[in-house]
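Trainee: Next up, entry13.txt (compact mmCIF, C-alpha atoms and all ligand atoms).
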```txt
# COMPACT_ATOMS: atom_id res chain seq x y z
CA MET A 1 69.16 109.05 54.41
CA LYS A 2 71.52 110.36 57.07
CA GLU A 3 71.76 114.16 57.39
CA THR A 4 75.03 115.71 56.25
CA VAL A 5 77.32 117.31 58.83
CA LEU A 6 80.45 119.29 58.05
CA SER A 7 83.08 121.18 59.99
CA GLY A 8 86.69 122.25 59.73
CA ILE A 9 89.56 123.73 61.69
CA ARG A 10 92.43 125.86 60.36
CA PRO A 11 95.84 124.22 60.76
CA THR A 12 97.45 127.03 62.70
CA GLY A 13 98.99 125.00 65.53
CA ASN A 14 98.10 122.11 67.79
CA LEU A 15 94.62 121.44 69.09
CA HIS A 16 93.96 122.85 72.55
CA LEU A 17 91.30 122.09 75.15
CA GLY A 18 89.07 124.81 73.65
CA ASN A 19 89.19 123.23 70.19
CA TYR A 20 88.56 119.83 71.71
CA PHE A 21 85.61 120.60 73.97
CA GLY A 22 84.19 123.29 71.69
CA ALA A 23 84.48 121.37 68.43
CA VAL A 24 86.32 118.06 67.92
CA LYS A 25 84.63 116.18 70.78
CA ASN A 26 81.32 117.01 69.10
CA PHE A 27 82.60 115.80 65.74
CA VAL A 28 83.37 112.44 67.37
CA ARG A 29 79.92 112.27 68.94
CA MET A 30 78.27 112.85 65.57
CA GLN A 31 80.18 110.31 63.51
CA ASP A 32 77.82 107.35 63.96
CA GLU A 33 74.56 109.14 63.38
CA TYR A 34 75.34 111.48 60.48
CA ASN A 35 76.99 111.56 57.09
CA CYS A 36 80.06 113.50 58.24
CA TYR A 37 82.73 115.55 56.48
CA PHE A 38 85.52 116.89 58.67
CA PHE A 39 88.27 118.79 56.96
CA ILE A 40 91.41 120.79 57.59
CA ALA A 41 91.00 124.37 56.37
CA ASP A 42 94.49 124.88 54.95
CA TRP A 43 93.39 127.44 52.34
CA HIS A 44 91.81 129.51 55.09
CA SER A 45 95.09 129.49 56.98
CA LEU A 46 96.68 131.37 54.06
CA THR A 47 94.66 134.44 55.04
CA THR A 48 97.24 135.01 57.77
CA CYS A 49 100.18 133.94 55.56
CA PRO A 50 101.98 131.11 57.38
CA LYS A 51 105.43 130.15 56.09
CA PRO A 52 105.06 127.62 53.25
CA GLU A 53 107.31 125.10 55.00
CA ASN A 54 104.91 125.06 57.95
CA ILE A 55 101.76 124.32 56.00
CA VAL A 56 102.27 120.59 55.32
CA ALA A 57 103.56 119.94 58.82
CA SER A 58 100.58 121.74 60.38
CA THR A 59 98.00 119.92 58.29
CA GLU A 60 99.51 116.55 59.20
CA THR A 61 99.59 117.56 62.85
CA ILE A 62 95.89 118.33 62.87
CA LEU A 63 95.09 115.15 60.96
CA ALA A 64 96.99 113.06 63.55
CA GLU A 65 95.18 114.94 66.32
CA TYR A 66 91.73 114.46 64.73
CA LEU A 67 92.42 110.72 64.57
CA ALA A 68 93.81 110.65 68.11
CA CYS A 69 90.62 112.30 69.38
CA GLY A 70 88.64 109.39 67.94
CA LEU A 71 87.55 110.40 64.43
CA ASP A 72 87.34 107.17 62.47
CA PRO A 73 88.17 107.45 58.74
CA GLU A 74 86.03 104.36 58.13
CA LYS A 75 82.97 106.24 59.35
CA VAL A 76 83.61 109.84 58.34
CA THR A 77 85.27 111.63 55.45
CA ILE A 78 88.40 113.40 56.69
CA TYR A 79 90.19 115.54 54.11
CA MET A 80 92.33 118.55 53.36
CA GLN A 81 90.43 121.53 51.96
CA SER A 82 93.14 122.07 49.32
CA ASP A 83 92.55 118.55 47.94
CA VAL A 84 89.06 119.49 46.75
CA LYS A 85 89.44 122.05 43.97
CA GLU A 86 85.69 122.05 43.28
CA VAL A 87 85.37 124.22 46.41
CA LEU A 88 87.17 127.01 44.54
CA GLU A 89 84.69 127.03 41.70
CA LEU A 90 81.80 127.35 44.12
CA TYR A 91 83.75 130.04 46.02
CA LEU A 92 83.95 132.03 42.77
CA TYR A 93 80.21 131.78 42.08
CA LEU A 94 79.35 132.74 45.67
CA ASN A 95 81.74 135.72 45.57
CA MET A 96 79.87 137.05 42.53
CA ASN A 97 76.70 137.29 44.63
CA THR A 98 78.26 138.73 47.79
CA TYR A 99 78.66 142.45 48.39
CA LEU A 100 81.71 144.31 49.60
CA GLY A 101 79.69 146.09 52.28
CA GLU A 102 78.43 142.94 53.92
CA LEU A 103 81.90 141.34 53.93
CA GLU A 104 83.42 144.47 55.46
CA ARG A 105 80.88 144.34 58.28
CA VAL A 106 81.98 140.86 59.48
CA THR A 107 83.50 141.28 62.95
CA THR A 108 86.26 138.70 62.44
CA PHE A 109 87.34 140.59 59.30
CA LYS A 110 87.46 143.86 61.20
CA GLU A 111 89.45 142.23 64.01
CA LYS A 112 91.96 140.58 61.68
CA ALA A 113 92.32 143.78 59.67
CA ARG A 114 93.20 145.55 62.91
CA LYS A 115 95.67 142.82 63.89
CA GLN A 116 97.45 142.69 60.53
CA PRO A 117 97.04 146.19 59.07
CA ASP A 118 99.79 145.59 56.51
CA ASN A 119 98.10 142.50 55.12
CA VAL A 120 94.38 143.19 54.68
CA ASN A 121 94.22 140.81 51.71
CA ALA A 122 91.22 139.87 49.57
CA GLY A 123 91.29 136.33 51.01
CA LEU A 124 90.72 137.75 54.47
CA LEU A 125 87.76 139.75 53.20
CA THR A 126 86.21 136.75 51.42
CA TYR A 127 86.93 134.30 54.26
CA PRO A 128 83.16 133.88 54.85
CA THR A 129 82.39 133.00 51.21
CA LEU A 130 85.16 130.36 51.19
CA MET A 131 83.66 128.97 54.39
CA ALA A 132 80.21 129.01 52.78
CA ALA A 133 81.66 127.11 49.78
CA ASP A 134 83.17 124.51 52.16
CA ILE A 135 79.75 123.89 53.64
CA LEU A 136 77.56 124.17 50.54
CA ILE A 137 79.83 121.98 48.40
CA HIS A 138 78.43 118.96 50.33
CA ARG A 139 75.07 120.62 50.91
CA ALA A 140 75.62 120.15 54.65
CA LEU A 141 72.75 120.86 57.03
CA LYS A 142 74.52 120.87 60.38
CA VAL A 143 77.80 122.55 61.24
CA PRO A 144 79.27 121.90 64.71
CA VAL A 145 81.31 125.04 65.54
CA GLY A 146 81.78 127.40 68.44
CA LYS A 147 79.71 130.50 69.02
CA ASP A 148 82.42 132.72 67.51
CA GLN A 149 81.49 131.34 64.07
CA GLU A 150 77.87 132.55 64.15
CA GLN A 151 78.42 135.50 61.81
CA ASN A 152 80.21 133.30 59.27
CA MET A 153 77.32 130.85 59.48
CA GLU A 154 74.87 133.67 58.82
CA MET A 155 76.86 134.54 55.68
CA ALA A 156 76.75 130.88 54.59
CA ARG A 157 72.95 130.90 54.92
CA LYS A 158 72.80 134.16 52.99
CA CYS A 159 74.92 132.64 50.19
CA ALA A 160 72.61 129.61 49.98
CA ARG A 161 69.43 131.73 49.95
CA ARG A 162 70.80 134.17 47.41
CA PHE A 163 71.95 131.45 45.01
CA ASN A 164 68.52 129.79 45.22
CA ASN A 165 66.74 133.14 44.64
CA ILE A 166 68.89 134.29 41.74
CA TYR A 167 68.53 131.05 39.83
CA GLY A 168 64.98 130.26 40.97
CA VAL A 169 65.91 126.89 42.44
CA ASP A 170 65.70 125.17 45.78
CA PHE A 171 69.14 123.66 45.56
CA PHE A 172 71.19 124.66 48.62
CA PRO A 173 69.74 123.99 52.08
CA GLU A 174 70.47 126.63 54.73
CA PRO A 175 73.13 125.23 57.07
CA GLN A 176 72.66 125.59 60.82
CA SER A 177 75.24 125.76 63.62
CA PHE A 178 75.00 122.72 65.81
CA TYR A 179 75.63 122.51 69.56
CA PHE A 180 74.95 119.56 71.82
CA SER A 181 73.94 121.71 74.76
CA LYS A 182 71.68 124.75 74.76
CA GLU A 183 74.69 126.98 75.23
CA ALA A 184 77.84 126.57 73.16
CA VAL A 185 80.76 125.43 75.34
CA LYS A 186 83.31 128.17 75.92
CA VAL A 187 86.55 126.95 77.43
CA PRO A 188 88.21 129.78 79.38
CA GLY A 189 91.92 130.55 79.33
CA LEU A 190 94.18 130.31 82.37
CA ASP A 191 95.18 133.94 82.34
CA GLY A 192 92.15 135.32 84.05
CA THR A 193 89.81 136.58 81.39
CA GLY A 194 88.45 135.50 78.04
CA LYS A 195 88.56 132.22 76.14
CA MET A 196 91.34 129.76 75.57
CA GLY A 197 92.76 130.50 72.13
CA LYS A 198 95.96 130.18 70.13
CA SER A 199 96.34 133.88 69.55
CA GLU A 200 95.68 134.55 73.24
CA GLY A 201 98.73 132.38 74.09
CA ASN A 202 96.94 130.81 77.04
CA CYS A 203 96.34 127.27 75.82
CA ILE A 204 96.70 123.80 77.22
CA TYR A 205 97.34 121.61 74.20
CA LEU A 206 96.18 118.01 73.86
CA LYS A 207 99.79 117.10 73.16
CA ASP A 208 101.14 118.74 76.36
CA ASP A 209 102.77 116.22 78.71
CA ALA A 210 101.90 116.00 82.41
CA ALA A 211 104.73 118.28 83.53
CA THR A 212 103.75 121.00 81.02
CA VAL A 213 100.07 120.83 81.99
CA LYS A 214 100.97 121.07 85.66
CA LYS A 215 103.27 124.03 85.10
CA LYS A 216 100.62 125.91 83.10
CA VAL A 217 97.82 125.23 85.59
CA MET A 218 99.92 126.15 88.62
CA LYS A 219 100.66 129.50 86.98
CA ALA A 220 96.96 130.29 86.45
CA VAL A 221 95.89 133.67 87.76
CA THR A 222 93.95 133.69 91.09
CA ASP A 223 93.03 136.27 93.72
CA SER A 224 93.56 136.54 97.46
CA GLY A 225 90.62 134.25 98.27
CA PRO A 226 86.95 134.59 99.31
CA THR A 227 86.25 137.09 102.04
CA ALA A 228 82.67 136.10 102.93
CA PRO A 229 80.86 132.73 102.85
CA ASN A 230 78.84 131.85 99.73
CA SER A 231 80.11 134.82 97.78
CA GLU A 232 80.00 135.13 94.02
CA LYS A 233 83.21 134.04 92.29
CA PRO A 234 85.25 136.63 90.42
CA GLU A 235 85.96 135.73 86.78
CA VAL A 236 89.49 134.40 87.38
CA ILE A 237 88.20 131.89 89.92
CA GLN A 238 85.03 131.04 87.99
CA ASN A 239 87.28 130.14 85.06
CA LEU A 240 89.10 127.54 87.14
CA PHE A 241 85.77 126.09 88.24
CA THR A 242 84.52 126.04 84.65
CA LEU A 243 87.58 124.00 83.65
CA LEU A 244 87.08 121.74 86.67
CA ASN A 245 83.47 121.18 85.60
CA ILE A 246 84.66 120.12 82.16
CA VAL A 247 87.34 117.63 83.16
CA SER A 248 86.63 116.50 86.74
CA ARG A 249 84.11 114.24 88.43
CA PRO A 250 81.00 115.93 89.90
CA ASP A 251 82.02 115.01 93.48
CA THR A 252 85.38 116.74 92.96
CA VAL A 253 83.63 119.90 91.75
CA GLN A 254 81.25 119.68 94.69
CA TYR A 255 84.17 119.34 97.14
CA PHE A 256 85.83 122.55 95.91
CA GLU A 257 82.48 124.40 95.71
CA GLU A 258 81.99 123.65 99.41
CA LYS A 259 85.52 124.78 100.20
CA TRP A 260 84.85 128.02 98.32
CA ASN A 261 81.56 128.57 100.08
CA ASP A 262 82.99 128.14 103.59
CA CYS A 263 86.11 130.17 102.69
CA SER A 264 88.52 127.33 103.39
CA ILE A 265 89.60 126.88 99.77
CA ARG A 266 93.29 126.54 98.99
CA TYR A 267 93.94 127.46 95.40
CA GLY A 268 97.09 125.30 95.35
CA ASP A 269 94.99 122.19 96.04
CA LEU A 270 92.39 123.19 93.47
CA LYS A 271 95.07 123.68 90.82
CA LYS A 272 96.81 120.39 91.65
CA GLN A 273 93.51 118.55 91.27
CA LEU A 274 92.65 120.41 88.07
CA ALA A 275 96.06 119.59 86.55
CA ALA A 276 95.73 115.92 87.50
CA ASP A 277 92.24 115.69 85.99
CA ILE A 278 93.29 117.43 82.77
CA VAL A 279 96.20 115.00 82.47
CA SER A 280 94.03 111.93 82.99
CA TYR A 281 91.66 113.25 80.32
CA THR A 282 94.33 114.13 77.78
CA GLU A 283 96.97 111.45 78.46
CA PRO A 284 95.34 108.71 76.31
CA ILE A 285 94.78 111.25 73.51
CA ARG A 286 98.40 112.38 73.79
CA GLU A 287 99.63 108.80 73.45
CA ARG A 288 97.56 108.32 70.31
CA ILE A 289 98.82 111.64 68.88
CA LEU A 290 102.39 110.37 69.22
CA GLU A 291 101.42 107.06 67.63
CA PHE A 292 99.61 108.60 64.63
CA SER A 293 102.25 111.30 64.11
CA SER A 294 105.00 108.71 63.86
CA ASP A 295 103.44 107.11 60.78
CA ARG A 296 103.40 109.69 58.00
CA SER A 297 102.61 107.24 55.24
CA ARG A 298 99.48 106.12 57.10
CA LEU A 299 98.43 109.76 57.52
CA GLN A 300 98.98 110.40 53.83
CA ALA A 301 96.94 107.33 52.87
CA ILE A 302 94.07 108.44 55.11
CA ALA A 303 94.17 111.95 53.59
CA ALA A 304 94.21 110.53 50.05
CA ALA A 305 91.22 108.27 50.69
CA GLY A 306 89.33 111.17 52.32
CA ALA A 307 90.11 113.46 49.37
CA GLU A 308 88.69 110.91 46.96
CA LYS A 309 85.41 110.61 48.89
CA ALA A 310 85.10 114.38 49.36
CA ARG A 311 85.74 115.06 45.68
CA GLU A 312 83.10 112.59 44.61
CA SER A 313 80.48 114.48 46.59
CA ALA A 314 81.89 117.89 45.51
CA ARG A 315 81.88 116.94 41.82
CA LYS A 316 78.17 116.10 41.98
CA THR A 317 77.33 119.49 43.48
CA ILE A 318 79.49 121.44 41.01
CA SER A 319 78.04 119.57 38.08
CA GLU A 320 74.52 120.55 39.18
CA VAL A 321 75.59 124.12 39.92
CA ARG A 322 77.08 124.51 36.42
CA HIS A 323 73.86 123.15 34.97
CA ILE A 324 71.75 125.57 37.05
CA ILE A 325 73.85 128.60 36.05
CA GLY A 326 73.92 127.49 32.43
CA PHE A 327 77.55 126.47 31.95
CA ARG A 328 78.56 123.38 30.04
CA ASP A 329 79.26 120.39 32.30
CA LEU A 330 82.89 119.28 32.18
P1 LIG B 1 91.78 129.51 68.08
O1 LIG B 1 90.85 130.47 68.76
O2 LIG B 1 92.69 128.85 69.06
O3 LIG B 1 92.52 130.13 66.91
P2 LIG B 1 90.07 128.39 66.14
O4 LIG B 1 89.49 129.77 65.96
O5 LIG B 1 90.93 127.83 65.07
O6 LIG B 1 90.87 128.37 67.50
O7 LIG B 1 88.86 127.41 66.43
C1 LIG B 1 88.61 126.14 65.91
C2 LIG B 1 87.33 125.60 66.51
O8 LIG B 1 87.45 125.46 67.93
C3 LIG B 1 86.12 126.50 66.28
O9 LIG B 1 84.97 125.69 66.04
C4 LIG B 1 85.99 127.26 67.57
O10 LIG B 1 84.66 127.68 67.81
C5 LIG B 1 86.44 126.23 68.60
N1 LIG B 1 87.07 126.87 69.77
C6 LIG B 1 88.24 127.54 69.77
N2 LIG B 1 88.53 128.02 71.02
C7 LIG B 1 87.50 127.63 71.82
C8 LIG B 1 87.20 127.80 73.22
N3 LIG B 1 88.03 128.42 74.05
N4 LIG B 1 86.05 127.28 73.68
C9 LIG B 1 85.20 126.61 72.87
N5 LIG B 1 85.42 126.41 71.55
C10 LIG B 1 86.55 126.91 71.02
N1 LIG B 2 86.22 129.49 60.29
C1 LIG B 2 86.42 128.26 61.02
C2 LIG B 2 87.26 128.57 62.28
O1 LIG B 2 87.98 129.55 62.33
C3 LIG B 2 87.11 127.21 60.18
C4 LIG B 2 86.28 126.81 59.00
C5 LIG B 2 86.58 127.05 57.70
C6 LIG B 2 85.04 126.13 59.05
N2 LIG B 2 85.59 126.53 56.92
C7 LIG B 2 84.63 125.97 57.67
C8 LIG B 2 84.24 125.64 60.07
C9 LIG B 2 83.44 125.34 57.34
C10 LIG B 2 83.03 125.03 59.70
C11 LIG B 2 82.64 124.88 58.38
O2 LIG B 2 87.22 127.81 63.21
```
Represent the supplied structure as C-alpha cells.
Ligand code: ADP
Ligand code: TRP
Mentor:
Amino acid sequence: MKETVLSGIRPTGNLHLGNYFGAVKNFVRMQDEYNCYFFIADWHSLTTCPKPENIVASTETILAEYLACGLDPEKVTIYMQSDVKEVLELYLYLNMNTYLGELERVTTFKEKARKQPDNVNAGLLTYPTLMAADILIHRALKVPVGKDQEQNMEMARKCARRFNNIYGVDFFPEPQSFYFSKEAVKVPGLDGTGKMGKSEGNCIYLKDDAATVKKKVMKAVTDSGPTAPNSEKPEVIQNLFTLLNIVSRPDTVQYFEEKWNDCSIRYGDLKKQLAADIVSYTEPIRERILEFSSDRSRLQAIAAAGAEKARESARKTISEVRHIIGFRDL
C-alpha cells in the first residue's frame, strides 16, 4: 500500500517562485511514489474575505497552474476543498476537542489578527482545525509544506492524538511535514529581506512573461559592492545568490561566486543572468498555464473527477468517525 500524501494552497492569487520551489515542485516529485491528494483551499481563503466574484476565478487559476507545473490528474487526486463537504463534519468534531487558548497562541492567527483587526473572525481562529480536518479526512501521513506551516502541523497532530485518546482508538495517524532536503527551501524576495510572498508584494509569478521577470529582477535591491576579497555577503546580495542557486547551472553560480570573491562583480550582469535563467525555467510552465487556462470546460471536468475521488475517500473516514463517536451512519 502506498503512503498517503496531502497538501493544499489557498487560492489567493497566482503561484510564485516561492510556492513552486517550496511546495508544488515537491508535489510533482511525489506523485509517482505516493497516494496523493492535492487540493485548493478555497474555504481557507474565506478567512480573509475575498470578493465572491474572485473566488471561482482564483480556484481555476490555481488548478491550471497546478496542472501546468506537472501534476497529472491520472496519477493524483486534485480537488477543490469546497467540493468535499465531509471535511466540514470532521472540522466540527475536531473543534469540539480544541481549546480557545491553544488556538489563540498560534502565531499565524496573532499575525492575521494584527493585520485585519476589524475582521478577527471565528474562521481565522479555527484555521488550524480546518487544516487538520483537510489532512485527517484522508488519514494522510506526509504533508509537503513550507516551514511556516509547522505550528499548524503541530495542531493537526494534536487533533489526531486527542481524538484517538478521547475515543480510545488508534484511528488517525499523526501527520508529518515532509521536505525533500534537510532544510525546507525558503525562496527570498527581491526587495532585500525576508521571503517571497504574496502579501509582501515582492513575487515573481510563474505566469510572468520574460519582460516582466526582467523588469522585476533588474529592480532588485543591491548594495555598493564588496569592499574586501572573500567577504561575507550581506542579506540583499545573498538573496540574489540564493535565487541563482535555485534556477541556474552550478557553473554559473560558481562564476559569480568568483566574481564576488575577487570584488569584480557587476550586479547588472548578475541580474541579467538571473532573469534569463528564471525565464528559461518558467517559460515552459507559463506556456502550459496559458494552454490550460484557455480550456475552462477541461478544468471543470478535472475538478469534478477529482472531487468524486476525494469524496469517496472522505466518506469512508467520516463513516468510521461517526461509528467511533456513536452517531448513526448516514
Ligand atoms: P504566500 O506567502 O505567498 O501567501 P502561501 O502562504 O499561500 O503563500 O503558501 C503556499 C505554500 O507555498 C506553502 O506550502 C508555503 O510554505 C509555500 N511558500 C510560500 N512562500 C514561500 C517561499 N518564499 N519559500 C518557500 N516556500 C514558500
Ligand atoms: N495553510 C496552508 C497555507 O497557508 C494551506 C492549507 C490548508 C494546507 N489546508 C492544508 C496545507 C492542509 C497542507 C495541508 O499554505
Trainee: Calculate how many Å separate CA of Thr252 (chain A) from CA of Gln238 (chain A), rounding to one decimal.
Mentor: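 Answer for the CA of Thr252 (chain A) to CA of Gln238 (chain A) separation: 15.1 Å.
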Trainee: For the atom pair CA of Lys51 (chain A) and CA of Asp134 (chain A), what is the interatomic distance in Å to one decimal place?
Mentor: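 Distance reported for this atom pair: 23.3 Å.
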Trainee: Could you please give me, as a PyMOL selection string, the residues of protein, DNA or RNA lying at most 8 Å from (78.5, 129.4, 69.9) in the coordinate frame of the file, considering all atoms listed in the file?
Mentor: chain A and resi 145-150+177+179+183-186
Trainee: Write out as a list in words which residues come within 8 Å of Asp83 (chain A) when counting only C-alpha atoms, dropping same-chain ones fewer than 3 positions away.
Mentor: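 What passes the distance filter is Tyr79, Met80, Ala307 and Arg311 of chain A.
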Trainee: In Å to one decimal, how far is atom C8 of ligand LIG 1 (chain B) from CA of Asn35 (chain A)?
Mentor: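 If I compute the distance from CA of Asn35 (chain A) to atom C8 of ligand LIG 1 (chain B), I get 25.1 Å.
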Trainee: Given all atoms listed in the file as the basis, pick out the residue of A:Asn95, A:Gln81, A:Thr193, A:Ser313 nearest to ligand LIG 2 (chain B).
Mentor: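 Distance minimum relative to ligand LIG 2 (chain B) lands on A:Gln81.
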Trainee: With distances taken over only C-alpha atoms, which residue among A:Met153, A:Leu270, A:Met131, A:Val169 lies nearest Arg10 (chain A)?
Mentor: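 Checking each candidate against Arg10 (chain A), we get A:Met131 as the closest.
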Trainee: Let me have the centre and edge lengths of the axis-aligned box enclosing all listed atoms of ligand LIG 2 (chain B) with 8 Å padding on every side, in Å to one decimal, as AutoDock Vina command-line options.
Mentor:
```
--center_x 85.3 --center_y 127.2 --center_z 60.1 --size_x 21.3 --size_y 20.7 --size_z 22.3
```
Trainee: Skip Ile285 (chain A) itself and residues of its chain fewer than 4 positions away, then list as a ChimeraX atom specification all residues within 7 Å of it, counting only C-alpha atoms.
Mentor: /A:68-69,206,289
Trainee: What would the file look like if the residues just selected were written as a PDB file, in the coordinates of the input with C-alpha atoms?
Mentor:
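File written: selection-v3.pdb
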```pdb
ATOM      1  CA  ALA A  68      93.810 110.650  68.110  1.00  0.00           C
ATOM      2  CA  CYS A  69      90.620 112.300  69.380  1.00  0.00           C
ATOM      3  CA  LEU A 206      96.180 118.010  73.860  1.00  0.00           C
ATOM      4  CA  ILE A 289      98.820 111.640  68.880  1.00  0.00           C
TER       5      ILE A 289
END
```
Trainee: Excluding region 121-123 of chain A and residues on its chain fewer than 6 positions from it, collect all residues at most 10 Å away from it, counting only C-alpha atoms, and give them as a PDB file with C-alpha atoms, in the coordinates of the input.
Mentor:
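Once everything was written out, this is result_13.pdb:
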```
ATOM      1  CA  TRP A  43      93.390 127.440  52.340  1.00  0.00           C
ATOM      2  CA  HIS A  44      91.810 129.510  55.090  1.00  0.00           C
ATOM      3  CA  SER A  45      95.090 129.490  56.980  1.00  0.00           C
ATOM      4  CA  LEU A  46      96.680 131.370  54.060  1.00  0.00           C
ATOM      5  CA  THR A  47      94.660 134.440  55.040  1.00  0.00           C
ATOM      6  CA  THR A  48      97.240 135.010  57.770  1.00  0.00           C
ATOM      7  CA  CYS A  49     100.180 133.940  55.560  1.00  0.00           C
ATOM      8  CA  ALA A 113      92.320 143.780  59.670  1.00  0.00           C
ATOM      9  CA  THR A 129      82.390 133.000  51.210  1.00  0.00           C
ATOM     10  CA  LEU A 130      85.160 130.360  51.190  1.00  0.00           C
TER      11      LEU A 130
END
```
Trainee: Around ligand LIG 1 (chain B), out to 8 Å and counting all atoms listed in the file, which residues are there? I want them as a PyMOL selection string.
Mentor: chain A and resi 7-12+15-24+144-149+184-189+195-200+203
Trainee: Which one of A:Gly13, A:Met155, A:Val253, A:Leu90 sits closest to Ile55 (chain A) if you count all atoms listed in the file?
Mentor: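 Of A:Gly13, A:Met155, A:Val253, A:Leu90, the one nearest Ile55 (chain A) is A:Gly13, counting all atoms listed in the file.
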Trainee: Please list as a list of chain:residue names every residue within 8 Å of Glu104 (chain A), counting only C-alpha atoms and excluding residues in the same chain fewer than 5 positions away.
Mentor: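 Here the answer would be A:Phe109, A:Lys110, A:Leu125.
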Trainee: From the options A:Tyr127, A:Glu3, A:Val213, A:Ala304, which residue's atoms come nearest to Thr107 (chain A), counting only C-alpha atoms?
Mentor: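 So, comparing all the options, the nearest one is A:Tyr127.
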Trainee: Give the answer as one residue: which of A:Ala210, A:Ala156, A:Ile265, A:Cys36 has the shortest atom-to-atom distance to Gly306 (chain A), using all atoms listed in the file?
Mentor: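 When distances to Gly306 (chain A) are compared using all atoms listed in the file, the smallest one comes from A:Cys36.
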Trainee: Between A:Leu63, A:Ala57, A:Met30, A:Val5, which has the minimum distance to ligand LIG 2 (chain B) (counting all atoms listed in the file)?
Mentor: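 Of A:Leu63, A:Ala57, A:Met30, A:Val5, the one nearest ligand LIG 2 (chain B), counting all atoms listed in the file, is A:Val5.
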Trainee: I want to know what sits within 9 Å of Ile78 (chain A), based on all atoms listed in the file, with residues of the same chain fewer than 3 positions away left out; could you give that as a CSV table (one decimal) with C-alpha atoms, in the coordinates of the input?
Mentor:
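File produced: around_14.csv:
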```csv
chain,number,residue,atom,x,y,z
A,36,CYS,CA,80.1,113.5,58.2
A,37,TYR,CA,82.7,115.6,56.5
A,38,PHE,CA,85.5,116.9,58.7
A,39,PHE,CA,88.3,118.8,57.0
A,40,ILE,CA,91.4,120.8,57.6
A,63,LEU,CA,95.1,115.2,61.0
A,66,TYR,CA,91.7,114.5,64.7
A,71,LEU,CA,87.6,110.4,64.4
A,72,ASP,CA,87.3,107.2,62.5
A,73,PRO,CA,88.2,107.4,58.7
A,302,ILE,CA,94.1,108.4,55.1
A,303,ALA,CA,94.2,112.0,53.6
A,305,ALA,CA,91.2,108.3,50.7
A,306,GLY,CA,89.3,111.2,52.3
A,307,ALA,CA,90.1,113.5,49.4
A,309,LYS,CA,85.4,110.6,48.9
A,310,ALA,CA,85.1,114.4,49.4
```
